[in-house]
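For reference, the structure is listed below as C-alpha cells.
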Amino acid sequence: MRYDQVEATIYSLIGQSPGASSDSPGRTRRLLRLVGDPHLSFKTVHVVGTSGKGSTATFIASILSSQGLRVGLYTSPHIGTLRERVRLNLIPI
C-alpha cells in the first residue's frame with residue numbers, strides 16, 4: 001500500500017478530511033478503551049491551552065529525549081504530512 005493510500009484510509013476511518021479538526025472526549029475515550037487503555041501504563045505530559053502547545057510539547061520532548069528517555073510525541077494538526085503528527089524521539093513515524 002502506498003503512503004497516499006494509507007493516509008486516505010486513516011482519514012476515512014476517522015471521518016475527517018485533511019486539515020479538519022473535529023474530536024470529542026467521548027470518542028477518544030471509547031477508542032482508548034478499545035485498545036486497552038494504553039495511556040494508563042506510561043508517564044505522560046499533557047500540554048493544553050490556546051496557543052504554543054506544539055512548540056511547548058516539542059520543547060519538552062526534546063529535553064526528555066536528550067536525557068536518554070524514549071519519547072513519543074503527538075501534535076495536531078500536521079503542517080506537511082500526516083506522519084509528523086506522531087513522532088518517536090522527534091522522528092516522524
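Letters for chains follow the order of the C-alpha cells (A, B, ...), residue numbers begin at 1 for each chain, and ligand numbers begin at 1 in the order shown.
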
(request) Output as a PyMOL selection string all residues of chain A that backbone DSSP marks as strand (DSSP E or B). (result) chain A and resi 72-74+86-88+91-92

Hey, can you spit out that residue selection with C-alpha atoms as a PDB file, in the first residue's frame?
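Just written: out_6.pdb:
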```
ATOM      1  CA  GLY A  72       6.596   9.739  21.933  1.00  0.00           C
ATOM      2  CA  LEU A  73       5.058  12.997  20.730  1.00  0.00           C
ATOM      3  CA  TYR A  74       1.640  13.597  19.185  1.00  0.00           C
ATOM      4  CA  VAL A  86       3.244  11.141  15.707  1.00  0.00           C
ATOM      5  CA  ARG A  87       6.971  11.181  16.463  1.00  0.00           C
ATOM      6  CA  LEU A  88       9.248   8.863  18.388  1.00  0.00           C
ATOM      7  CA  ILE A  91      11.461  11.395  14.335  1.00  0.00           C
ATOM      8  CA  PRO A  92       8.163  11.223  12.380  1.00  0.00           C
TER       9      PRO A  92
END
```

With a distance cut-off of 12 Å and only C-alpha atoms, select the neighbouring residues of A:Val47, excluding the residue or stretch itself and same-chain residues fewer than 5 positions from it, and output the selection as a compact mmCIF listing (two decimals) with C-alpha atoms, in the first residue's frame.
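What landed in selection_34.txt:
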```
# COMPACT_ATOMS: atom_id res chain seq x y z
CA GLY A 52 2.00 27.45 21.78
CA LYS A 53 1.10 23.83 22.54
CA GLY A 54 3.04 22.35 19.63
CA SER A 55 6.18 24.32 20.43
CA THR A 56 5.91 23.59 24.14
CA ALA A 57 5.33 19.87 23.60
CA THR A 58 8.24 19.67 21.13
CA PHE A 59 10.48 21.53 23.59
CA ILE A 60 9.56 19.11 26.41
CA ALA A 61 10.06 16.09 24.12
CA LEU A 73 5.06 13.00 20.73
CA TYR A 74 1.64 13.60 19.18
CA THR A 75 0.76 17.01 17.79
CA SER A 76 -2.16 18.07 15.65
```

(message) Rounded to one decimal, what separation in Å do you get between atom CA of A:Val71 and atom CA of A:Phe42?
(response) 10.7 Å

(request) For each of A:Leu64, A:Leu31, A:Tyr11, A:Arg85, take the minimum atom-to-atom distance to A:Val45, counting only C-alpha atoms, then give the residue where this is smallest. (result) A:Leu64

What's around A:Tyr3 at 12 Å? Count only C-alpha atoms, leave out sequence neighbours fewer than 4 positions away in its own chain, and write the answer as a PDB file with C-alpha atoms, in the first residue's frame.
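The resulting selection_37.pdb:
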```
ATOM      1  CA  GLU A   7      -3.362   8.394   4.554  1.00  0.00           C
ATOM      2  CA  ALA A   8      -6.705   8.252   2.706  1.00  0.00           C
ATOM      3  CA  THR A   9      -7.669   5.144   4.694  1.00  0.00           C
ATOM      4  CA  ILE A  10      -6.843   6.840   8.005  1.00  0.00           C
ATOM      5  CA  THR A  81       2.417  15.253   6.160  1.00  0.00           C
ATOM      6  CA  LEU A  82       0.261  13.101   8.384  1.00  0.00           C
ATOM      7  CA  ARG A  83       3.446  11.340   9.600  1.00  0.00           C
ATOM      8  CA  ILE A  93       6.719   7.717  12.121  1.00  0.00           C
TER       9      ILE A  93
END
```

(request) Return as a PyMOL selection string the full set of residues in chain A whose backbone-based DSSP assignment is alpha helix (DSSP H). (result) chain A and resi 3-14+25-34+53-66

Just to be explicit: take each residue in the selection above, keep N, CA and C atoms, and write the result as a JSON list (two decimals), in the first residue's frame.
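So the final result, stored in again.json, reads:
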```json
[["chain", "number", "residue", "atom", "x", "y", "z"],
["A", 3, "TYR", "N", 1.84, 5.33, 0.53],
["A", 3, "TYR", "CA", 1.59, 6.27, 1.63],
["A", 3, "TYR", "C", 0.28, 7.02, 1.43],
["A", 4, "ASP", "N", 0.01, 7.50, 0.21],
["A", 4, "ASP", "CA", -1.22, 8.26, -0.02],
["A", 4, "ASP", "C", -2.46, 7.41, 0.21],
["A", 5, "GLN", "N", -2.37, 6.10, -0.06],
["A", 5, "GLN", "CA", -3.50, 5.20, 0.19],
["A", 5, "GLN", "C", -3.71, 4.99, 1.69],
["A", 6, "VAL", "N", -2.59, 4.85, 2.43],
["A", 6, "VAL", "CA", -2.69, 4.70, 3.88],
["A", 6, "VAL", "C", -3.31, 5.96, 4.48],
["A", 7, "GLU", "N", -2.84, 7.12, 4.04],
["A", 7, "GLU", "CA", -3.36, 8.39, 4.55],
["A", 7, "GLU", "C", -4.86, 8.52, 4.27],
["A", 8, "ALA", "N", -5.28, 8.19, 3.05],
["A", 8, "ALA", "CA", -6.71, 8.25, 2.71],
["A", 8, "ALA", "C", -7.53, 7.30, 3.57],
["A", 9, "THR", "N", -6.98, 6.12, 3.85],
["A", 9, "THR", "CA", -7.67, 5.14, 4.69],
["A", 9, "THR", "C", -7.83, 5.68, 6.10],
["A", 10, "ILE", "N", -6.77, 6.27, 6.65],
["A", 10, "ILE", "CA", -6.84, 6.84, 8.00],
["A", 10, "ILE", "C", -7.91, 7.92, 8.06],
["A", 11, "TYR", "N", -7.89, 8.83, 7.09],
["A", 11, "TYR", "CA", -8.89, 9.91, 7.09],
["A", 11, "TYR", "C", -10.31, 9.35, 6.97],
["A", 12, "SER", "N", -10.49, 8.29, 6.18],
["A", 12, "SER", "CA", -11.83, 7.73, 6.04],
["A", 12, "SER", "C", -12.29, 7.08, 7.34],
["A", 13, "LEU", "N", -11.36, 6.47, 8.08],
["A", 13, "LEU", "CA", -11.71, 5.82, 9.34],
["A", 13, "LEU", "C", -12.08, 6.82, 10.43],
["A", 14, "ILE", "N", -11.43, 7.96, 10.43],
["A", 14, "ILE", "CA", -11.73, 8.95, 11.47],
["A", 14, "ILE", "C", -12.80, 9.92, 11.02],
["A", 25, "PRO", "N", -14.14, 14.28, 23.49],
["A", 25, "PRO", "CA", -13.54, 13.42, 24.52],
["A", 25, "PRO", "C", -14.16, 12.03, 24.57],
["A", 26, "GLY", "N", -15.45, 11.94, 24.35],
["A", 26, "GLY", "CA", -16.12, 10.64, 24.40],
["A", 26, "GLY", "C", -15.61, 9.69, 23.34],
["A", 27, "ARG", "N", -15.41, 10.18, 22.13],
["A", 27, "ARG", "CA", -14.91, 9.35, 21.04],
["A", 27, "ARG", "C", -13.49, 8.88, 21.35],
["A", 28, "THR", "N", -12.67, 9.77, 21.86],
["A", 28, "THR", "CA", -11.29, 9.42, 22.21],
["A", 28, "THR", "C", -11.27, 8.39, 23.33],
["A", 29, "ARG", "N", -12.10, 8.57, 24.34],
["A", 29, "ARG", "CA", -12.15, 7.61, 25.45],
["A", 29, "ARG", "C", -12.58, 6.23, 24.98],
["A", 30, "ARG", "N", -13.55, 6.18, 24.07],
["A", 30, "ARG", "CA", -14.01, 4.88, 23.53],
["A", 30, "ARG", "C", -12.88, 4.19, 22.79],
["A", 31, "LEU", "N", -12.15, 4.95, 21.98],
["A", 31, "LEU", "CA", -11.03, 4.37, 21.24],
["A", 31, "LEU", "C", -9.97, 3.85, 22.20],
["A", 32, "LEU", "N", -9.62, 4.63, 23.22],
["A", 32, "LEU", "CA", -8.62, 4.19, 24.20],
["A", 32, "LEU", "C", -9.07, 2.92, 24.92],
["A", 33, "ARG", "N", -10.34, 2.85, 25.28],
["A", 33, "ARG", "CA", -10.87, 1.66, 25.94],
["A", 33, "ARG", "C", -10.75, 0.44, 25.02],
["A", 34, "LEU", "N", -11.06, 0.62, 23.73],
["A", 34, "LEU", "CA", -10.99, -0.48, 22.77],
["A", 34, "LEU", "C", -9.59, -1.05, 22.63],
["A", 53, "LYS", "N", 1.06, 25.22, 22.08],
["A", 53, "LYS", "CA", 1.10, 23.83, 22.54],
["A", 53, "LYS", "C", 2.10, 23.00, 21.76],
["A", 54, "GLY", "N", 2.13, 23.14, 20.44],
["A", 54, "GLY", "CA", 3.04, 22.35, 19.63],
["A", 54, "GLY", "C", 4.49, 22.65, 19.95],
["A", 55, "SER", "N", 4.81, 23.93, 20.09],
["A", 55, "SER", "CA", 6.18, 24.32, 20.43],
["A", 55, "SER", "C", 6.56, 23.84, 21.81],
["A", 56, "THR", "N", 5.65, 24.01, 22.76],
["A", 56, "THR", "CA", 5.91, 23.59, 24.14],
["A", 56, "THR", "C", 6.10, 22.09, 24.23],
["A", 57, "ALA", "N", 5.23, 21.33, 23.57],
["A", 57, "ALA", "CA", 5.33, 19.87, 23.60],
["A", 57, "ALA", "C", 6.62, 19.40, 22.93],
["A", 58, "THR", "N", 7.00, 20.03, 21.82],
["A", 58, "THR", "CA", 8.24, 19.67, 21.13],
["A", 58, "THR", "C", 9.45, 20.00, 22.00],
["A", 59, "PHE", "N", 9.40, 21.12, 22.68],
["A", 59, "PHE", "CA", 10.48, 21.53, 23.59],
["A", 59, "PHE", "C", 10.63, 20.51, 24.72],
["A", 60, "ILE", "N", 9.53, 20.11, 25.33],
["A", 60, "ILE", "CA", 9.56, 19.11, 26.41],
["A", 60, "ILE", "C", 10.09, 17.78, 25.88],
["A", 61, "ALA", "N", 9.60, 17.36, 24.71],
["A", 61, "ALA", "CA", 10.06, 16.09, 24.12],
["A", 61, "ALA", "C", 11.56, 16.14, 23.84],
["A", 62, "SER", "N", 12.04, 17.28, 23.37],
["A", 62, "SER", "CA", 13.47, 17.43, 23.08],
["A", 62, "SER", "C", 14.31, 17.30, 24.34],
["A", 63, "ILE", "N", 13.87, 17.93, 25.42],
["A", 63, "ILE", "CA", 14.58, 17.86, 26.70],
["A", 63, "ILE", "C", 14.62, 16.41, 27.21],
["A", 64, "LEU", "N", 13.48, 15.75, 27.21],
["A", 64, "LEU", "CA", 13.40, 14.38, 27.71],
["A", 64, "LEU", "C", 14.23, 13.42, 26.84],
["A", 65, "SER", "N", 14.14, 13.61, 25.53],
["A", 65, "SER", "CA", 14.91, 12.76, 24.62],
["A", 65, "SER", "C", 16.41, 12.96, 24.80],
["A", 66, "SER", "N", 16.83, 14.21, 25.05],
["A", 66, "SER", "CA", 18.26, 14.48, 25.25],
["A", 66, "SER", "C", 18.80, 13.83, 26.52]]
```

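You will find atom CA of A:Asn89 at 8.3 Å from atom CA of A:Leu69.
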